[in-house]
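All remarks here apply to the structure that follows.
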Amino acid sequence: MTTLKSKLHGDLNAAIKERDELRSSTLRLTLAAITKEEVAGKEKRELSDDEVQKVITREAKKRREAAEAFAQGGRPEQSEREKAEGEVLAAYLPKQLSDEELNSIVAQAVEEAKAAGAEGPRAMGAVMKIVNPKVAGQAEGGRVAAVVKKLLAG
């Protein structure tokens, strides 16, 4: 078992012993998603820590989107629950880049793309190819795309 997955199992056991319903249910759902990912496809396989982290990131994104949907639908108590679950999952993810750090990384990528001959809004794909490996797991794709668009337009 990978170190991140075993940490999730250990934290789940601790949450159950502490009768922390929010943490235990969130970790159970996350471990179920990891298991589902492991058995998807033709053969069962063990996920690496990076793959487990991608599953956790996906689960956290689901919680954020659900919280927004519940808030817009007039269900604030359910929205708060989703936000709280997202915060539990955030503890297992790498620290997110600040806006300044993200802007500087994207600015460098824009310069690289311009040096390679890509300019204007059409350069979006080239810039994203440069930026994504640098910010993997540390910034959400939508956030990165927005900064890229802003810097290419300006």
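By order in the structure tokens, chains are A, B, ...; within a chain, residues start at 1; ligands start at 1, following the order shown.
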Give me every helix (DSSP H, G or I) residue in range 20-130 of chain A, going by DSSP on the backbone, as an NGL selection string. :A and (21-39 or 49-72 or 76-90 or 99-115 or 121-130)
Within 12 Å of range 52-69 of chain A, counting only C-alpha atoms, which residues qualify if same-chain residues fewer than 2 places away don't, as a JSON list (two decimals) with C-alpha atoms, in the first residue's frame?
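Output file part.json follows:
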[["chain", "number", "residue", "atom", "x", "y", "z"],
["A", 1, "MET", "CA", 0.00, 0.00, 0.00],
["A", 2, "THR", "CA", 1.32, 3.47, -0.86],
["A", 3, "THR", "CA", 2.26, 5.85, 1.92],
["A", 4, "LEU", "CA", -0.54, 8.33, 1.16],
["A", 5, "LYS", "CA", -3.16, 5.59, 1.00],
["A", 6, "SER", "CA", -1.96, 4.05, 4.27],
["A", 7, "LYS", "CA", -2.06, 7.53, 5.86],
["A", 8, "LEU", "CA", -5.69, 7.86, 4.73],
["A", 26, "THR", "CA", -15.18, 11.99, 3.88],
["A", 27, "LEU", "CA", -12.22, 9.61, 4.15],
["A", 28, "ARG", "CA", -14.44, 6.59, 3.48],
["A", 29, "LEU", "CA", -15.75, 8.18, 0.28],
["A", 30, "THR", "CA", -12.23, 9.11, -0.79],
["A", 31, "LEU", "CA", -10.86, 5.62, -0.13],
["A", 32, "ALA", "CA", -13.81, 4.19, -2.08],
["A", 33, "ALA", "CA", -12.92, 6.45, -5.02],
["A", 34, "ILE", "CA", -9.30, 5.28, -4.80],
["A", 35, "THR", "CA", -10.39, 1.61, -4.76],
["A", 36, "LYS", "CA", -12.71, 2.25, -7.70],
["A", 37, "GLU", "CA", -9.78, 3.75, -9.63],
["A", 38, "GLU", "CA", -7.61, 0.74, -8.74],
["A", 46, "GLU", "CA", -1.96, -0.49, -7.00],
["A", 47, "LEU", "CA", -2.06, 3.31, -7.45],
["A", 48, "SER", "CA", 1.10, 5.33, -6.90],
["A", 49, "ASP", "CA", 1.11, 8.27, -4.47],
["A", 50, "ASP", "CA", 0.80, 10.67, -7.42],
["A", 71, "ALA", "CA", -25.38, 27.57, -2.19],
["A", 72, "GLN", "CA", -27.03, 28.69, -5.45],
["A", 73, "GLY", "CA", -29.88, 26.26, -4.86],
["A", 74, "GLY", "CA", -30.70, 27.79, -1.46],
["A", 75, "ARG", "CA", -29.35, 24.93, 0.68],
["A", 76, "PRO", "CA", -26.72, 26.65, 2.86],
["A", 77, "GLU", "CA", -26.45, 23.82, 5.43],
["A", 78, "GLN", "CA", -25.60, 21.28, 2.70],
["A", 79, "SER", "CA", -23.19, 23.79, 1.13],
["A", 80, "GLU", "CA", -21.37, 24.17, 4.46],
["A", 81, "ARG", "CA", -21.11, 20.39, 4.78],
["A", 82, "GLU", "CA", -19.51, 20.12, 1.32],
["A", 83, "LYS", "CA", -17.08, 22.94, 2.14],
["A", 84, "ALA", "CA", -16.10, 21.20, 5.37],
["A", 85, "GLU", "CA", -15.48, 17.93, 3.49],
["A", 86, "GLY", "CA", -13.34, 19.87, 0.99],
["A", 87, "GLU", "CA", -11.26, 21.26, 3.86],
["A", 88, "VAL", "CA", -10.69, 17.73, 5.22],
["A", 89, "LEU", "CA", -9.40, 16.65, 1.80],
["A", 90, "ALA", "CA", -7.27, 19.80, 1.41],
["A", 91, "ALA", "CA", -5.08, 18.56, 4.27],
["A", 92, "TYR", "CA", -3.89, 15.72, 2.00],
["A", 93, "LEU", "CA", -3.08, 17.94, -0.98],
["A", 94, "PRO", "CA", 0.06, 20.00, -1.61],
["A", 95, "LYS", "CA", -0.09, 23.68, -0.71],
["A", 96, "GLN", "CA", -1.71, 25.70, -3.48],
["A", 136, "ALA", "CA", 0.71, 20.14, -11.40],
["A", 137, "GLY", "CA", -1.33, 19.65, -8.25],
["A", 138, "GLN", "CA", -0.53, 23.12, -6.94],
["A", 139, "ALA", "CA", -3.08, 25.12, -8.90],
["A", 140, "GLU", "CA", -6.44, 24.27, -10.37],
["A", 141, "GLY", "CA", -6.69, 24.15, -14.16],
["A", 142, "GLY", "CA", -9.39, 26.82, -14.36]]
Please provide as a list of chain:residue names all residues within 8 Å of Val147 in chain A, with the sequence filter that same-chain residues fewer than 6 positions apart are discarded (counting only C-alpha atoms). A:Leu102, A:Asn103, A:Val106
Got a sec: who's within 8 Å of Lys149 in chain A, counting only C-alpha atoms, leaving out chain neighbours fewer than 3 positions off, as a list in words? Pro121, Met124, Ala145, Ala146, Leu152 and Ala153 of chain A
Take the residues that were just selected and, keeping N, CA, C and O atoms, output them as a PDB file, in the first residue's frame.
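File selection.pdb, as written:
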ATOM      1  N   PRO A 121      -4.053  35.111 -28.569  1.00  0.00           N
ATOM      2  CA  PRO A 121      -4.911  34.086 -27.960  1.00  0.00           C
ATOM      3  C   PRO A 121      -4.650  32.674 -28.495  1.00  0.00           C
ATOM      4  O   PRO A 121      -4.909  31.701 -27.809  1.00  0.00           O
ATOM      5  N   MET A 124      -2.505  30.035 -26.460  1.00  0.00           N
ATOM      6  CA  MET A 124      -3.020  29.464 -25.207  1.00  0.00           C
ATOM      7  C   MET A 124      -2.558  28.016 -25.012  1.00  0.00           C
ATOM      8  O   MET A 124      -2.055  27.658 -23.958  1.00  0.00           O
ATOM      9  N   ALA A 145      -5.784  28.610 -16.402  1.00  0.00           N
ATOM     10  CA  ALA A 145      -6.287  29.071 -17.708  1.00  0.00           C
ATOM     11  C   ALA A 145      -6.681  30.542 -17.662  1.00  0.00           C
ATOM     12  O   ALA A 145      -6.421  31.291 -18.599  1.00  0.00           O
ATOM     13  N   ALA A 146      -7.300  30.972 -16.564  1.00  0.00           N
ATOM     14  CA  ALA A 146      -7.711  32.370 -16.441  1.00  0.00           C
ATOM     15  C   ALA A 146      -6.506  33.301 -16.447  1.00  0.00           C
ATOM     16  O   ALA A 146      -6.521  34.344 -17.105  1.00  0.00           O
ATOM     17  N   LEU A 152      -2.108  36.715 -21.901  1.00  0.00           N
ATOM     18  CA  LEU A 152      -2.029  36.724 -23.368  1.00  0.00           C
ATOM     19  C   LEU A 152      -2.812  37.893 -23.961  1.00  0.00           C
ATOM     20  O   LEU A 152      -2.404  38.446 -24.978  1.00  0.00           O
ATOM     21  N   ALA A 153      -3.916  38.260 -23.326  1.00  0.00           N
ATOM     22  CA  ALA A 153      -4.728  39.370 -23.829  1.00  0.00           C
ATOM     23  C   ALA A 153      -4.052  40.706 -23.547  1.00  0.00           C
ATOM     24  O   ALA A 153      -4.114  41.635 -24.343  1.00  0.00           O
TER      25      ALA A 153
END
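For the choices A:Phe70, A:Ala14, A:Ser24, A:Val148, the atom-to-atom distance to Ile105 in chain A is smallest for A:Val148 when using only C-alpha atoms.
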Quote the spacing between CA of Gly117 in chain A and CA of Val144 in chain A in Å to one decimal place.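 It comes out at 21.1 Å.
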Which residues are near Val127 in chain A? Cut-off 6 Å, only C-alpha atoms, ignore same chain within fewer than 6 positions. Put them as an NGL selection string. :A and (109-110 or 113)
Output file for the selection above: N, CA and C atoms, as a PDB file, in the first residue's frame:
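The resulting out25.pdb:
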ATOM      1  N   ALA A 109       6.229  31.345 -18.836  1.00  0.00           N
ATOM      2  CA  ALA A 109       5.764  30.449 -19.899  1.00  0.00           C
ATOM      3  C   ALA A 109       5.317  31.246 -21.125  1.00  0.00           C
ATOM      4  N   VAL A 110       4.681  32.390 -20.900  1.00  0.00           N
ATOM      5  CA  VAL A 110       4.253  33.245 -22.021  1.00  0.00           C
ATOM      6  C   VAL A 110       5.483  33.726 -22.787  1.00  0.00           C
ATOM      7  N   ALA A 113       6.802  30.870 -24.841  1.00  0.00           N
ATOM      8  CA  ALA A 113       5.949  30.616 -26.001  1.00  0.00           C
ATOM      9  C   ALA A 113       6.168  31.684 -27.075  1.00  0.00           C
TER      10      ALA A 113
END
